[in-house]
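Undergrad: There's a structure below that I have some questions on.
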Amino acid sequence: MSESRTGGRPPAAATRETATGEQLWLTQACRALLDEPAGDRRTQAAAEFGARAADTGLQLPDLVGTMLGAAADRWQCTAVGPDDNATGVHAQAAAVLETARSLLDALLDGYAHQTHAELARHDHDRTVFVNDLLTGRADPGRLAERAHRYGIRLSAAHVVLVARAAGLTAEVVHRVDAALAGRFGEGNILTTLRDGDLVCISAGGLRGITAELAHRLIAELGADGWQLAVGRAHPGLAGLATSLDEARNTLDHATKLGFTTPVLNAADLLVFPVLLRDRDAITDLVTTVLGPLTTARGGAQPYLDTLTVLFDNQGNYTATARHMHLSVRAVTYRLDRIHDLTGYHPGEPTQRFTLHAAVLGARLLGWPSPQP
């Protein structure tokens, strides 16, 4: 991605002239609203003016300040006769304040409505762009034009990060996106909600993005309940889709395998796509090596669980027993029983890899549960 630039800085005189013209327009509009008689027409005009102010990028404090200033000017111009008593003066002041209050209510409503509508449109455009970018269905020329708006160079290398959690909402993703853009620059980060997942596209050489995104997820969702996968860096438009698939598949594999590590790198789990690339072969491996366990009393699952925990603990019998709340003797008995039924034993170096690959394949396939 490339850093976006807006061109040279305008001369100071031109900036002051623009600011003066904007302030004059704003002041005149507020005074005109104060001249309008009370009613629905004035309320509608104020709401429309608030929406226009939001469209022009006017800051809310400037809008409120100018309206209050116009109301103060109105009060200064209010004629107070020598015969007016304090009650009459207070009534006139209250009328000016009430007019200003009702106008500010309408102005702020129009401003907020337009701001929310613009934000929704921006989020929609961004989501559509990311979908087109990651699927490659859009015209490449048009896609390149839209990519330039977000600071993306389609020929460069990018990394796609995918976060999955039950509490992800558009509001959460928007806050995360704003925080990441503030840290790394809008031209280096593009974050959106896609199919219920947070999808973040980052420049391939961007350092610290994984740690910062994890930090933001902790701040928004807490320390648990989310998982983040990082695809590998790939160049070009096709590389974006590849990195996305890697990240999403990593999350899918982690779910099937019971991995609870919060941050996963696709590069560390490349063996699992290899195992699943030939589904017939891995199915044959699982049924050939582990199939005899289905004849054991209680079925294959207790033995499969024992092997899973054993391999997760690097073959340590004591740690396996402690994790499963069994005695070491019980674990040893199960492993001997596995050897008797299958002919494979994890303690044999020549058999360990085959048995481990079969166990991983069984977890990926959901074996021994029936598959659709």
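Going by the structure tokens order, chains are called A, B, ..., each with residues numbered from 1, while ligands are numbered from 1 in the order shown.
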How close does each residue of range 64-162 of chain A get to range 170-188 of chain A, giving the shortest atom pair and distance in Å to one decimal for every residue with an atom at most 10 Å away, counting only C-alpha atoms, sorted by chain and residue number, as CSV?
TA:
```
residue,atom,partner,partner_atom,distance
A:Leu119,CA,A:His174,CA,9.8
A:Ala120,CA,A:Ala170,CA,9.9
A:Asp123,CA,A:His174,CA,8.5
A:His148,CA,A:Gly187,CA,9.3
A:Arg149,CA,A:Gly187,CA,9.0
A:Tyr150,CA,A:Gly187,CA,6.3
A:Gly151,CA,A:Gly187,CA,4.4
A:Ile152,CA,A:Gly187,CA,6.8
A:Arg153,CA,A:Gly187,CA,9.7
A:His158,CA,A:Asn188,CA,9.6
```
Undergrad: Could the residues in this selection be written to a file with N, CA and C atoms, as a compact mmCIF listing (two decimals), in the first residue's frame?
TA:
```txt
# COMPACT_ATOMS: atom_id res chain seq x y z
N LEU A 119 -21.43 7.55 7.13
CA LEU A 119 -20.62 6.47 7.68
C LEU A 119 -21.11 5.12 7.17
N ALA A 120 -22.44 4.94 7.13
CA ALA A 120 -23.00 3.69 6.62
C ALA A 120 -22.66 3.50 5.15
N ASP A 123 -18.99 2.57 4.92
CA ASP A 123 -18.77 1.19 5.32
C ASP A 123 -19.26 0.23 4.24
N HIS A 148 -6.92 2.67 -5.51
CA HIS A 148 -6.12 3.88 -5.29
C HIS A 148 -6.75 4.76 -4.22
N ARG A 149 -8.10 4.78 -4.15
CA ARG A 149 -8.79 5.58 -3.15
C ARG A 149 -8.44 5.13 -1.74
N TYR A 150 -8.18 3.82 -1.59
CA TYR A 150 -7.86 3.28 -0.26
C TYR A 150 -6.36 3.12 -0.05
N GLY A 151 -5.55 3.56 -1.00
CA GLY A 151 -4.11 3.49 -0.83
C GLY A 151 -3.51 2.13 -1.10
N ILE A 152 -4.21 1.28 -1.87
CA ILE A 152 -3.73 -0.08 -2.13
C ILE A 152 -3.11 -0.15 -3.52
N ARG A 153 -1.92 -0.71 -3.59
CA ARG A 153 -1.27 -0.97 -4.87
C ARG A 153 -1.43 -2.46 -5.18
N HIS A 158 0.73 -8.26 -0.03
CA HIS A 158 -0.11 -7.94 1.12
C HIS A 158 -0.31 -9.17 1.99
```
Undergrad: List every residue of range 39-244 of chain A that DSSP, applied to the backbone, labels as helix (DSSP H, G or I), and write the result as a ChimeraX atom specification.
TA: /A:40-55,60-77,86-135,140-149,170-184,209-221,236-244
Undergrad: For range 142-147 of chain A, find every residue with an atom within 8 Å (counting only C-alpha atoms), except residues of its own chain fewer than 6 positions away, and show them as a list in words.
TA: Phe129, Asp132, Leu133, Arg153 and Leu154 of chain A
Undergrad: Mind checking which residues fall within 6 Å of Ser243 in chain A, counting only C-alpha atoms, ignoring those fewer than 2 positions away in the same chain, and posting them as a list in words?
TA: Val160, Gly231, Arg232, Leu240, Ala241, Asp245 and Glu246 of chain A
Undergrad: Taking the DSSP secondary structure from the backbone, can you list the residues of range 157-206 of chain A that are strand (DSSP E), as a PyMOL selection string?
TA: chain A and resi 157-165+189-194+197-203
Undergrad: Keeping N, CA and C atoms for every residue in the selection just given, could you write it to a file as a PDB file, in the first residue's frame?
TA:
```pdb
ATOM      1  N   ALA A 157       2.811  -6.765  -2.468  1.00  0.00           N
ATOM      2  CA  ALA A 157       2.507  -7.917  -1.616  1.00  0.00           C
ATOM      3  C   ALA A 157       1.710  -7.456  -0.402  1.00  0.00           C
ATOM      4  N   HIS A 158       0.735  -8.257  -0.027  1.00  0.00           N
ATOM      5  CA  HIS A 158      -0.112  -7.939   1.120  1.00  0.00           C
ATOM      6  C   HIS A 158      -0.305  -9.175   1.988  1.00  0.00           C
ATOM      7  N   VAL A 159      -0.641  -8.914   3.248  1.00  0.00           N
ATOM      8  CA  VAL A 159      -0.977  -9.969   4.201  1.00  0.00           C
ATOM      9  C   VAL A 159      -2.412  -9.759   4.646  1.00  0.00           C
ATOM     10  N   VAL A 160      -3.181 -10.843   4.683  1.00  0.00           N
ATOM     11  CA  VAL A 160      -4.561 -10.765   5.160  1.00  0.00           C
ATOM     12  C   VAL A 160      -4.638 -11.438   6.525  1.00  0.00           C
ATOM     13  N   LEU A 161      -5.188 -10.719   7.488  1.00  0.00           N
ATOM     14  CA  LEU A 161      -5.408 -11.242   8.833  1.00  0.00           C
ATOM     15  C   LEU A 161      -6.909 -11.392   9.039  1.00  0.00           C
ATOM     16  N   VAL A 162      -7.317 -12.489   9.654  1.00  0.00           N
ATOM     17  CA  VAL A 162      -8.735 -12.750   9.896  1.00  0.00           C
ATOM     18  C   VAL A 162      -8.929 -13.052  11.374  1.00  0.00           C
ATOM     19  N   ALA A 163      -9.840 -12.321  12.008  1.00  0.00           N
ATOM     20  CA  ALA A 163     -10.184 -12.552  13.410  1.00  0.00           C
ATOM     21  C   ALA A 163     -11.614 -13.079  13.482  1.00  0.00           C
ATOM     22  N   ARG A 164     -11.827 -14.037  14.348  1.00  0.00           N
ATOM     23  CA  ARG A 164     -13.158 -14.658  14.494  1.00  0.00           C
ATOM     24  C   ARG A 164     -13.548 -14.630  15.967  1.00  0.00           C
ATOM     25  N   ALA A 165     -14.753 -14.123  16.246  1.00  0.00           N
ATOM     26  CA  ALA A 165     -15.248 -14.044  17.620  1.00  0.00           C
ATOM     27  C   ALA A 165     -16.749 -13.845  17.579  1.00  0.00           C
ATOM     28  N   ILE A 189      -3.502   0.124   5.883  1.00  0.00           N
ATOM     29  CA  ILE A 189      -4.433  -0.766   6.564  1.00  0.00           C
ATOM     30  C   ILE A 189      -5.821  -0.627   5.950  1.00  0.00           C
ATOM     31  N   LEU A 190      -6.500  -1.745   5.779  1.00  0.00           N
ATOM     32  CA  LEU A 190      -7.899  -1.736   5.350  1.00  0.00           C
ATOM     33  C   LEU A 190      -8.612  -2.837   6.114  1.00  0.00           C
ATOM     34  N   THR A 191      -9.544  -2.463   6.986  1.00  0.00           N
ATOM     35  CA  THR A 191     -10.208  -3.414   7.866  1.00  0.00           C
ATOM     36  C   THR A 191     -11.712  -3.336   7.660  1.00  0.00           C
ATOM     37  N   THR A 192     -12.377  -4.495   7.602  1.00  0.00           N
ATOM     38  CA  THR A 192     -13.823  -4.517   7.422  1.00  0.00           C
ATOM     39  C   THR A 192     -14.387  -5.791   8.024  1.00  0.00           C
ATOM     40  N   LEU A 193     -15.713  -5.842   8.097  1.00  0.00           N
ATOM     41  CA  LEU A 193     -16.419  -7.033   8.575  1.00  0.00           C
ATOM     42  C   LEU A 193     -16.909  -7.795   7.360  1.00  0.00           C
ATOM     43  N   ARG A 194     -16.500  -9.060   7.248  1.00  0.00           N
ATOM     44  CA  ARG A 194     -16.845  -9.854   6.068  1.00  0.00           C
ATOM     45  C   ARG A 194     -17.254 -11.254   6.502  1.00  0.00           C
ATOM     46  N   ASP A 197     -16.554 -12.259  10.028  1.00  0.00           N
ATOM     47  CA  ASP A 197     -15.167 -12.208  10.477  1.00  0.00           C
ATOM     48  C   ASP A 197     -14.603 -10.801  10.280  1.00  0.00           C
ATOM     49  N   LEU A 198     -13.677 -10.422  11.138  1.00  0.00           N
ATOM     50  CA  LEU A 198     -12.913  -9.199  10.915  1.00  0.00           C
ATOM     51  C   LEU A 198     -11.800  -9.533   9.934  1.00  0.00           C
ATOM     52  N   VAL A 199     -11.772  -8.832   8.809  1.00  0.00           N
ATOM     53  CA  VAL A 199     -10.757  -9.052   7.791  1.00  0.00           C
ATOM     54  C   VAL A 199      -9.908  -7.794   7.682  1.00  0.00           C
ATOM     55  N   CYS A 200      -8.609  -7.953   7.858  1.00  0.00           N
ATOM     56  CA  CYS A 200      -7.678  -6.831   7.813  1.00  0.00           C
ATOM     57  C   CYS A 200      -6.633  -7.088   6.728  1.00  0.00           C
ATOM     58  N   ILE A 201      -6.556  -6.183   5.768  1.00  0.00           N
ATOM     59  CA  ILE A 201      -5.547  -6.257   4.714  1.00  0.00           C
ATOM     60  C   ILE A 201      -4.444  -5.273   5.068  1.00  0.00           C
ATOM     61  N   SER A 202      -3.218  -5.749   5.108  1.00  0.00           N
ATOM     62  CA  SER A 202      -2.105  -4.874   5.470  1.00  0.00           C
ATOM     63  C   SER A 202      -0.978  -5.022   4.464  1.00  0.00           C
ATOM     64  N   ALA A 203      -0.177  -3.978   4.376  1.00  0.00           N
ATOM     65  CA  ALA A 203       1.007  -4.032   3.521  1.00  0.00           C
ATOM     66  C   ALA A 203       1.912  -5.172   3.980  1.00  0.00           C
TER      67      ALA A 203
END
```
Undergrad: Set the distance at 12 Å and use only C-alpha atoms: which residues neighbour Leu33 in chain A once local chain neighbours fewer than 3 positions away are removed? I'd like the list as a VMD selection string.
TA: chain A and resid 26 to 30 36 to 39 41 to 50 66 to 67 70 to 71 74 99 to 100 102 to 104 106 to 107
Undergrad: Excluding range 359-363 of chain A and any residue of its chain fewer than 6 positions from it, enumerate the residues within 12 Å of it, using only C-alpha atoms, and give them as a VMD selection string.
TA: chain A and resid 252 to 259 269 271 to 291 293 300 to 301 303 to 312 344 346 352 to 353 369 to 371
Undergrad: Please measure the separation of CA of Ala357 in chain A and CA of Trp226 in chain A, giving the value in Å to one decimal.
TA: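 Between CA of Ala357 in chain A and CA of Trp226 in chain A the gap works out to 27.4 Å.
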Undergrad: Compare A:Gly110, A:Gly315, A:Gly222, A:Pro368 by their minimum atom-to-atom distance to Gly347 in chain A, counting only C-alpha atoms, and give me the closest one.
TA: A:Gly315
Undergrad: Which residue, A:Leu134, A:Ala214, A:Ala86, A:Ala51, has the smallest gap to Ala117 in chain A when you use only C-alpha atoms?
TA: A:Ala51
Undergrad: Need the shell around Ala156 in chain A: protein/DNA/RNA residues with any atom at most 8 Å away, counting only C-alpha atoms. Skip same-chain ones fewer than 4 positions apart. Format as a list in words?
TA: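 What passes the distance filter is Met1, Ala203, Gly204, Pro235 and Gly236 of chain A.
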Undergrad: Those residues you just picked out, can you put them in a file as a compact mmCIF listing (two decimals), in the first residue's frame with C-alpha atoms?
TA:
```
# COMPACT_ATOMS: atom_id res chain seq x y z
CA MET A 1 0.00 0.00 0.00
CA ALA A 203 1.01 -4.03 3.52
CA GLY A 204 3.25 -7.09 3.33
CA PRO A 235 1.94 -10.39 -4.36
CA GLY A 236 -0.77 -9.19 -6.69
```
Undergrad: Quick one, how far is CA of Glu212 in chain A from CA of Leu264 in chain A?
TA: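 These atoms are spaced 14.4 Å apart.
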Undergrad: Could you check which of A:Thr169, A:Thr261, A:Asn249, A:Thr350 is closest to Glu220 in chain A, using only C-alpha atoms?
TA: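 Among the listed residues, the smallest separation from Glu220 in chain A belongs to A:Thr169.
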